>>> print(open('input34.cif').read())   # mmCIF, C-alpha atoms
data_coords
#
loop_
_atom_site.group_PDB
_atom_site.id
_atom_site.type_symbol
_atom_site.label_atom_id
_atom_site.label_comp_id
_atom_site.auth_asym_id
_atom_site.auth_seq_id
_atom_site.Cartn_x
_atom_site.Cartn_y
_atom_site.Cartn_z
ATOM 1 C CA MET A 1 66.221 -7.970 -49.094
ATOM 2 C CA GLU A 2 68.810 -10.698 -49.550
ATOM 3 C CA ARG A 3 68.800 -11.302 -45.793
ATOM 4 C CA LEU A 4 64.988 -11.717 -45.824
ATOM 5 C CA ARG A 5 65.238 -14.308 -48.599
ATOM 6 C CA CYS A 6 67.787 -16.210 -46.554
ATOM 7 C CA VAL A 7 65.494 -16.213 -43.497
ATOM 8 C CA LEU A 8 62.541 -17.379 -45.580
ATOM 9 C CA LYS A 9 64.578 -20.194 -47.133
ATOM 10 C CA THR A 10 65.644 -21.301 -43.660
ATOM 11 C CA CYS A 11 62.030 -21.358 -42.440
ATOM 12 C CA ARG A 12 61.034 -23.564 -45.358
ATOM 13 C CA ARG A 13 63.476 -26.217 -44.172
ATOM 14 C CA ILE A 14 62.123 -26.290 -40.612
ATOM 15 C CA PRO A 15 59.266 -28.799 -40.180
ATOM 16 C CA VAL A 16 55.887 -27.237 -39.429
ATOM 17 C CA SER A 17 55.603 -29.280 -36.246
ATOM 18 C CA ALA A 18 58.833 -27.729 -34.965
ATOM 19 C CA LEU A 19 57.564 -24.218 -35.770
ATOM 20 C CA LEU A 20 54.293 -24.919 -33.950
ATOM 21 C CA ALA A 21 56.184 -26.263 -30.940
ATOM 22 C CA ALA A 22 58.316 -23.104 -30.880
ATOM 23 C CA VAL A 23 55.201 -20.926 -30.986
ATOM 24 C CA GLY A 24 53.725 -22.925 -28.102
ATOM 25 C CA ILE A 25 56.874 -22.462 -26.043
ATOM 26 C CA LEU A 26 56.864 -18.732 -26.811
ATOM 27 C CA ILE A 27 53.224 -18.415 -25.719
ATOM 28 C CA ALA A 28 53.942 -20.295 -22.492
ATOM 29 C CA PHE A 29 56.942 -18.065 -21.797
ATOM 30 C CA LEU A 30 55.041 -14.838 -22.471
ATOM 31 C CA SER A 31 52.143 -15.923 -20.283
ATOM 32 C CA THR A 32 54.531 -16.436 -17.349
ATOM 33 C CA LEU A 33 55.612 -12.819 -17.814
ATOM 34 C CA GLY A 34 52.000 -11.661 -17.659
ATOM 35 C CA CYS A 35 51.612 -11.124 -21.390
ATOM 36 C CA PHE A 36 48.466 -13.037 -22.184
ATOM 37 C CA VAL A 37 47.807 -14.430 -25.638
ATOM 38 C CA ARG A 38 44.264 -15.232 -26.732
ATOM 39 C CA ALA A 39 43.308 -17.888 -29.229
ATOM 40 C CA PRO A 40 40.621 -16.767 -31.707
ATOM 41 C CA GLY A 41 37.119 -17.238 -30.356
ATOM 42 C CA LEU A 42 38.039 -17.265 -26.667
ATOM 43 C CA SER A 43 36.508 -14.612 -24.476
ATOM 44 C CA MET A 44 38.928 -14.471 -21.576
ATOM 45 C CA SER A 45 39.094 -10.859 -20.539
ATOM 46 C CA THR A 46 42.635 -10.925 -19.211
ATOM 47 C CA ALA A 47 43.806 -11.803 -22.705
ATOM 48 C CA GLU A 48 42.274 -8.599 -23.983
ATOM 49 C CA GLY A 49 43.488 -6.551 -21.030
ATOM 50 C CA ASP A 50 39.809 -6.003 -20.237
ATOM 51 C CA THR A 51 38.546 -6.080 -16.657
ATOM 52 C CA LEU A 52 35.790 -8.533 -15.739
ATOM 53 C CA ILE A 53 32.641 -6.840 -14.464
ATOM 54 C CA SER A 54 29.201 -7.832 -13.255
ATOM 55 C CA VAL A 55 26.105 -5.667 -13.689
ATOM 56 C CA ASP A 56 22.400 -6.149 -12.935
ATOM 57 C CA TYR A 57 19.847 -4.876 -15.450
ATOM 58 C CA GLU A 58 16.129 -4.330 -15.903
ATOM 59 C CA VAL A 59 14.450 -3.525 -19.204
ATOM 60 C CA PHE A 60 11.113 -1.693 -19.373
ATOM 61 C CA GLY A 61 8.599 -1.548 -22.226
ATOM 62 C CA LYS A 62 7.007 -4.233 -24.398
ATOM 63 C CA VAL A 63 9.531 -6.904 -23.448
ATOM 64 C CA GLN A 64 7.396 -9.879 -22.465
ATOM 65 C CA GLY A 65 5.716 -12.174 -24.977
ATOM 66 C CA VAL A 66 8.107 -11.034 -27.727
ATOM 67 C CA PHE A 67 10.945 -13.574 -27.257
ATOM 68 C CA PHE A 68 13.035 -10.939 -25.475
ATOM 69 C CA ARG A 69 14.637 -13.461 -23.090
ATOM 70 C CA LYS A 70 15.551 -15.813 -25.935
ATOM 71 C CA TYR A 71 17.160 -13.020 -27.969
ATOM 72 C CA THR A 72 18.931 -11.690 -24.874
ATOM 73 C CA GLN A 73 20.390 -15.118 -24.159
ATOM 74 C CA ALA A 74 21.518 -15.507 -27.781
ATOM 75 C CA GLU A 75 23.149 -12.058 -27.868
ATOM 76 C CA GLY A 76 24.864 -12.660 -24.536
ATOM 77 C CA LYS A 77 26.248 -15.992 -25.725
ATOM 78 C CA LYS A 78 27.348 -14.452 -29.027
ATOM 79 C CA LEU A 79 29.362 -11.876 -27.077
ATOM 80 C CA GLY A 80 30.834 -14.540 -24.793
ATOM 81 C CA LEU A 81 29.037 -13.232 -21.699
ATOM 82 C CA VAL A 82 27.567 -15.252 -18.857
ATOM 83 C CA GLY A 83 24.637 -14.520 -16.586
ATOM 84 C CA TRP A 84 20.891 -14.880 -16.634
ATOM 85 C CA VAL A 85 17.628 -13.291 -17.786
ATOM 86 C CA GLN A 86 14.064 -13.614 -16.476
ATOM 87 C CA ASN A 87 10.593 -12.058 -16.725
ATOM 88 C CA THR A 88 9.271 -10.187 -13.701
ATOM 89 C CA ASP A 89 5.736 -9.945 -12.351
ATOM 90 C CA GLN A 90 5.850 -6.209 -13.186
ATOM 91 C CA GLY A 91 6.096 -6.865 -16.944
ATOM 92 C CA THR A 92 9.806 -6.135 -17.210
ATOM 93 C CA VAL A 93 12.809 -8.326 -17.921
ATOM 94 C CA GLN A 94 15.707 -8.430 -15.485
ATOM 95 C CA GLY A 95 18.990 -10.232 -15.162
ATOM 96 C CA GLN A 96 22.703 -10.086 -14.645
ATOM 97 C CA LEU A 97 25.599 -9.813 -17.101
ATOM 98 C CA GLN A 98 29.182 -10.854 -16.437
ATOM 99 C CA GLY A 99 32.213 -10.644 -18.668
ATOM 100 C CA PRO A 100 34.834 -8.284 -20.062
ATOM 101 C CA THR A 101 33.878 -4.611 -19.725
ATOM 102 C CA SER A 102 33.834 -3.952 -23.473
ATOM 103 C CA LYS A 103 31.499 -6.902 -24.118
ATOM 104 C CA VAL A 104 29.209 -5.939 -21.226
ATOM 105 C CA ARG A 105 29.023 -2.362 -22.590
ATOM 106 C CA HIS A 106 28.054 -3.729 -25.992
ATOM 107 C CA MET A 107 25.312 -5.831 -24.386
ATOM 108 C CA GLN A 108 24.053 -2.867 -22.358
ATOM 109 C CA GLU A 109 23.651 -0.868 -25.555
ATOM 110 C CA TRP A 110 21.832 -3.817 -27.159
ATOM 111 C CA LEU A 111 19.465 -4.042 -24.162
ATOM 112 C CA GLU A 112 18.756 -0.289 -24.345
ATOM 113 C CA THR A 113 18.268 0.026 -28.086
ATOM 114 C CA ARG A 114 17.627 -3.249 -29.881
ATOM 115 C CA GLY A 115 16.218 -6.212 -28.000
ATOM 116 C CA SER A 116 14.108 -8.736 -29.860
ATOM 117 C CA PRO A 117 12.536 -7.789 -33.219
ATOM 118 C CA LYS A 118 9.013 -7.423 -31.796
ATOM 119 C CA SER A 119 9.984 -5.705 -28.561
ATOM 120 C CA HIS A 120 9.623 -2.004 -27.835
ATOM 121 C CA ILE A 121 12.115 -0.776 -25.244
ATOM 122 C CA ASP A 122 11.175 2.272 -23.194
ATOM 123 C CA ARG A 123 14.290 2.252 -21.046
ATOM 124 C CA ALA A 124 16.849 0.033 -19.365
ATOM 125 C CA SER A 125 18.432 0.466 -15.973
ATOM 126 C CA PHE A 126 21.781 -0.904 -14.841
ATOM 127 C CA ASN A 127 22.726 -1.279 -11.183
ATOM 128 C CA ASN A 128 25.264 -2.882 -8.861
ATOM 129 C CA GLU A 129 28.123 -2.725 -11.347
ATOM 130 C CA LYS A 130 31.295 -4.130 -9.838
ATOM 131 C CA VAL A 131 34.672 -5.478 -10.828
ATOM 132 C CA ILE A 132 34.953 -9.236 -10.299
ATOM 133 C CA SER A 133 37.975 -11.514 -10.242
ATOM 134 C CA LYS A 134 36.171 -14.497 -11.778
ATOM 135 C CA LEU A 135 32.868 -15.309 -13.437
ATOM 136 C CA ASP A 136 30.078 -16.611 -11.189
ATOM 137 C CA TYR A 137 28.333 -18.454 -14.028
ATOM 138 C CA SER A 138 29.468 -20.778 -16.798
ATOM 139 C CA ASP A 139 26.725 -19.941 -19.317
ATOM 140 C CA PHE A 140 23.945 -17.480 -20.095
ATOM 141 C CA GLN A 141 20.661 -18.914 -18.812
ATOM 142 C CA ILE A 142 16.965 -18.121 -19.134
ATOM 143 C CA VAL A 143 15.417 -18.314 -15.677
ATOM 144 C CA LYS A 144 11.769 -19.373 -15.693
#
>>> encode(input="input34.cif", output="structure tokens")
Amino acid sequence: MERLRCVLKTCRRIPVSALLAAVGILIAFLSTLGCFVRAPGLSMSTAEGDTLISVDYEVFGKVQGVFFRKYTQAEGKKLGLVGWVQNTDQGTVQGQLQGPTSKVRHMQEWLETRGSPKSHIDRASFNNEKVISKLDYSDFQIVK
């Protein structure tokens, strides 16, 4: 316990700017070793050890005229995903999701079970899932 007090007293004498610089150097060093560190709010998958994937989707049911695309875009952005969403001539909604696997899985569940408040989802299909090395999009867009 005495040793801990000594360490804490020492830290109090070190300027905050020096501590922050040391943390920055440590992060840079760890990243060169392949240990990625993620700042809060960033959605880089490599920081989470989560593979980037891309998947196409189509949602069937009462999904047009109920703000489904707008809610899909908002949910995708909230999860840090990129991709697109559009209405089809067949009365469905289709699109593509890209991002860390865990976030894409969360979005797939949302597309299958929740959607917009006034929608009624019969089913959702997911196709062409593949691992990607980088994102093809920079945002989540509504395609008209």
>>> resolve_selection(input="input34.cif", expression="the PyMOL selection byres ((chain A and resi 82) around 9)", output="list of chain:residue names")
A:Gln73, A:Gly76, A:Lys77, A:Gly80, A:Leu81, A:Gly83, A:Trp84, A:Gln96, A:Leu97, A:Gln98, A:Gly99, A:Leu135, A:Asp136, A:Tyr137, A:Ser138, A:Asp139, A:Phe140, A:Gln141
>>> write_last_selection(input="input34.cif", atoms="C-alpha atoms", output="JSON list (two decimals), in the frame of the given file")
[["chain", "number", "residue", "atom", "x", "y", "z"],
["A", 73, "GLN", "CA", 20.39, -15.12, -24.16],
["A", 76, "GLY", "CA", 24.86, -12.66, -24.54],
["A", 77, "LYS", "CA", 26.25, -15.99, -25.72],
["A", 80, "GLY", "CA", 30.83, -14.54, -24.79],
["A", 81, "LEU", "CA", 29.04, -13.23, -21.70],
["A", 83, "GLY", "CA", 24.64, -14.52, -16.59],
["A", 84, "TRP", "CA", 20.89, -14.88, -16.63],
["A", 96, "GLN", "CA", 22.70, -10.09, -14.64],
["A", 97, "LEU", "CA", 25.60, -9.81, -17.10],
["A", 98, "GLN", "CA", 29.18, -10.85, -16.44],
["A", 99, "GLY", "CA", 32.21, -10.64, -18.67],
["A", 135, "LEU", "CA", 32.87, -15.31, -13.44],
["A", 136, "ASP", "CA", 30.08, -16.61, -11.19],
["A", 137, "TYR", "CA", 28.33, -18.45, -14.03],
["A", 138, "SER", "CA", 29.47, -20.78, -16.80],
["A", 139, "ASP", "CA", 26.72, -19.94, -19.32],
["A", 140, "PHE", "CA", 23.94, -17.48, -20.10],
["A", 141, "GLN", "CA", 20.66, -18.91, -18.81]]
>>> atom_distance(input="input34.cif", atom1="CA of Lys134 (chain A)", atom2="CA of Ala74 (chain A)")
21.7 Å
>>> atom_distance(input="input34.cif", atom1="CA of Lys144 (chain A)", atom2="CA of Arg114 (chain A)")
22.3 Å
>>> resolve_selection(input="input34.cif", expression="the PyMOL selection byres ((chain A and resi 92) around 7)", output="list in words")
Glu58, Val59, Phe60, Gly61, Val63, Gln64, Asn87, Thr88, Gln90, Gly91, Val93 and Gln94 of chain A
>>> write_last_selection(input="input34.cif", atoms="C-alpha atoms", output="PDB file, in the frame of the given file")
ATOM      1  CA  GLU A  58      16.129  -4.330 -15.903  1.00  0.00           C
ATOM      2  CA  VAL A  59      14.450  -3.525 -19.204  1.00  0.00           C
ATOM      3  CA  PHE A  60      11.113  -1.693 -19.373  1.00  0.00           C
ATOM      4  CA  GLY A  61       8.599  -1.548 -22.226  1.00  0.00           C
ATOM      5  CA  VAL A  63       9.531  -6.904 -23.448  1.00  0.00           C
ATOM      6  CA  GLN A  64       7.396  -9.879 -22.465  1.00  0.00           C
ATOM      7  CA  ASN A  87      10.593 -12.058 -16.725  1.00  0.00           C
ATOM      8  CA  THR A  88       9.271 -10.187 -13.701  1.00  0.00           C
ATOM      9  CA  GLN A  90       5.850  -6.209 -13.186  1.00  0.00           C
ATOM     10  CA  GLY A  91       6.096  -6.865 -16.944  1.00  0.00           C
ATOM     11  CA  VAL A  93      12.809  -8.326 -17.921  1.00  0.00           C
ATOM     12  CA  GLN A  94      15.707  -8.430 -15.485  1.00  0.00           C
TER      13      GLN A  94
END
>>> atom_distance(input="input34.cif", atom1="CA of Pro117 (chain A)", atom2="CA of Gln86 (chain A)")
17.8 Å
>>> closest_residue(input="input34.cif", among="A:Glu75, A:Glu112, A:Asp56, A:Asp89", to="Lys130 (chain A)", atoms="only C-alpha atoms")
A:Asp56
>>> axis_aligned_box(input="input34.cif", around="region 83-95 of chain A", padding_each_side="5 Å", output="lines of an AutoDock Vina configuration file")
center_x = 15.2
center_y = -10.5
center_z = -15.1
size_x = 28.9
size_y = 18.7
size_z = 15.6
>>> resolve_selection(input="input34.cif", expression="the PyMOL selection byres ((chain A and resi 128) around 6)", output="PyMOL selection string")
chain A and resi 55-56+127+129
>>> closest_residue(input="input34.cif", among="A:Val143, A:Ser116, A:Asp50, A:Pro100", to="Tyr71 (chain A)", atoms="only C-alpha atoms")
A:Ser116
>>> closest_residue(input="input34.cif", among="A:Leu52, A:Ala124, A:Ile132, A:Val85", to="Lys103 (chain A)", atoms="only C-alpha atoms")
A:Leu52
>>> closest_residue(input="input34.cif", among="A:Phe126, A:Lys62, A:Lys118, A:Phe68", to="Arg105 (chain A)", atoms="all atoms listed in the file")
A:Phe126
>>> residues_near_point(input="input34.cif", point="(14.6, -16.2, -22.1)", cutoff="6 Å", atoms="all atoms listed in the file", output="list of chain:residue names")
A:Arg69, A:Lys70, A:Ile142
>>> closest_residue(input="input34.cif", among="A:Gln108, A:Ser133, A:Ser125, A:Ser119", to="Thr51 (chain A)", atoms="all atoms listed in the file")
A:Ser133
>>> build_atoms(input="input34.cif", residues="region 79-94 of chain A", atoms="N, CA, C and O atoms", output="compact mmCIF listing (two decimals), keeping the file's coordinate frame")
# COMPACT_ATOMS: atom_id res chain seq x y z
N LEU A 79 28.31 -12.76 -27.57
CA LEU A 79 29.36 -11.88 -27.08
C LEU A 79 30.31 -12.57 -26.10
O LEU A 79 31.29 -11.98 -25.66
N GLY A 80 29.99 -13.81 -25.73
CA GLY A 80 30.83 -14.54 -24.79
C GLY A 80 30.57 -14.16 -23.34
O GLY A 80 31.43 -14.37 -22.48
N LEU A 81 29.40 -13.61 -23.06
CA LEU A 81 29.04 -13.23 -21.70
C LEU A 81 28.36 -14.39 -20.98
O LEU A 81 27.86 -15.32 -21.62
N VAL A 82 28.32 -14.30 -19.68
CA VAL A 82 27.57 -15.25 -18.86
C VAL A 82 26.59 -14.46 -18.00
O VAL A 82 26.72 -13.24 -17.85
N GLY A 83 25.61 -15.17 -17.45
CA GLY A 83 24.64 -14.52 -16.59
C GLY A 83 23.28 -15.17 -16.74
O GLY A 83 23.17 -16.35 -17.04
N TRP A 84 22.24 -14.35 -16.56
CA TRP A 84 20.89 -14.88 -16.63
C TRP A 84 19.91 -13.78 -17.02
O TRP A 84 20.23 -12.59 -16.95
N VAL A 85 18.71 -14.21 -17.42
CA VAL A 85 17.63 -13.29 -17.79
C VAL A 85 16.31 -13.92 -17.36
O VAL A 85 16.15 -15.15 -17.45
N GLN A 86 15.38 -13.09 -16.87
CA GLN A 86 14.06 -13.61 -16.48
C GLN A 86 13.00 -12.53 -16.60
O GLN A 86 13.30 -11.34 -16.53
N ASN A 87 11.74 -12.96 -16.78
CA ASN A 87 10.59 -12.06 -16.73
C ASN A 87 10.30 -11.73 -15.28
O ASN A 87 10.57 -12.53 -14.38
N THR A 88 9.71 -10.55 -15.04
CA THR A 88 9.27 -10.19 -13.70
C THR A 88 7.74 -10.10 -13.69
O THR A 88 7.11 -10.02 -14.74
N ASP A 89 7.19 -10.10 -12.50
CA ASP A 89 5.74 -9.94 -12.35
C ASP A 89 5.27 -8.54 -12.73
O ASP A 89 4.08 -8.31 -12.95
N GLN A 90 6.19 -7.59 -12.83
CA GLN A 90 5.85 -6.21 -13.19
C GLN A 90 5.87 -5.96 -14.69
O GLN A 90 5.69 -4.84 -15.15
N GLY A 91 6.10 -7.01 -15.49
CA GLY A 91 6.10 -6.86 -16.94
C GLY A 91 7.42 -6.44 -17.53
O GLY A 91 7.51 -6.10 -18.71
N THR A 92 8.47 -6.47 -16.72
CA THR A 92 9.81 -6.14 -17.21
C THR A 92 10.62 -7.41 -17.38
O THR A 92 10.17 -8.51 -17.07
N VAL A 93 11.84 -7.23 -17.85
CA VAL A 93 12.81 -8.33 -17.92
C VAL A 93 14.02 -7.87 -17.12
O VAL A 93 14.46 -6.73 -17.24
N GLN A 94 14.53 -8.77 -16.28
CA GLN A 94 15.71 -8.43 -15.48
C GLN A 94 16.74 -9.54 -15.58
O GLN A 94 16.43 -10.65 -16.01
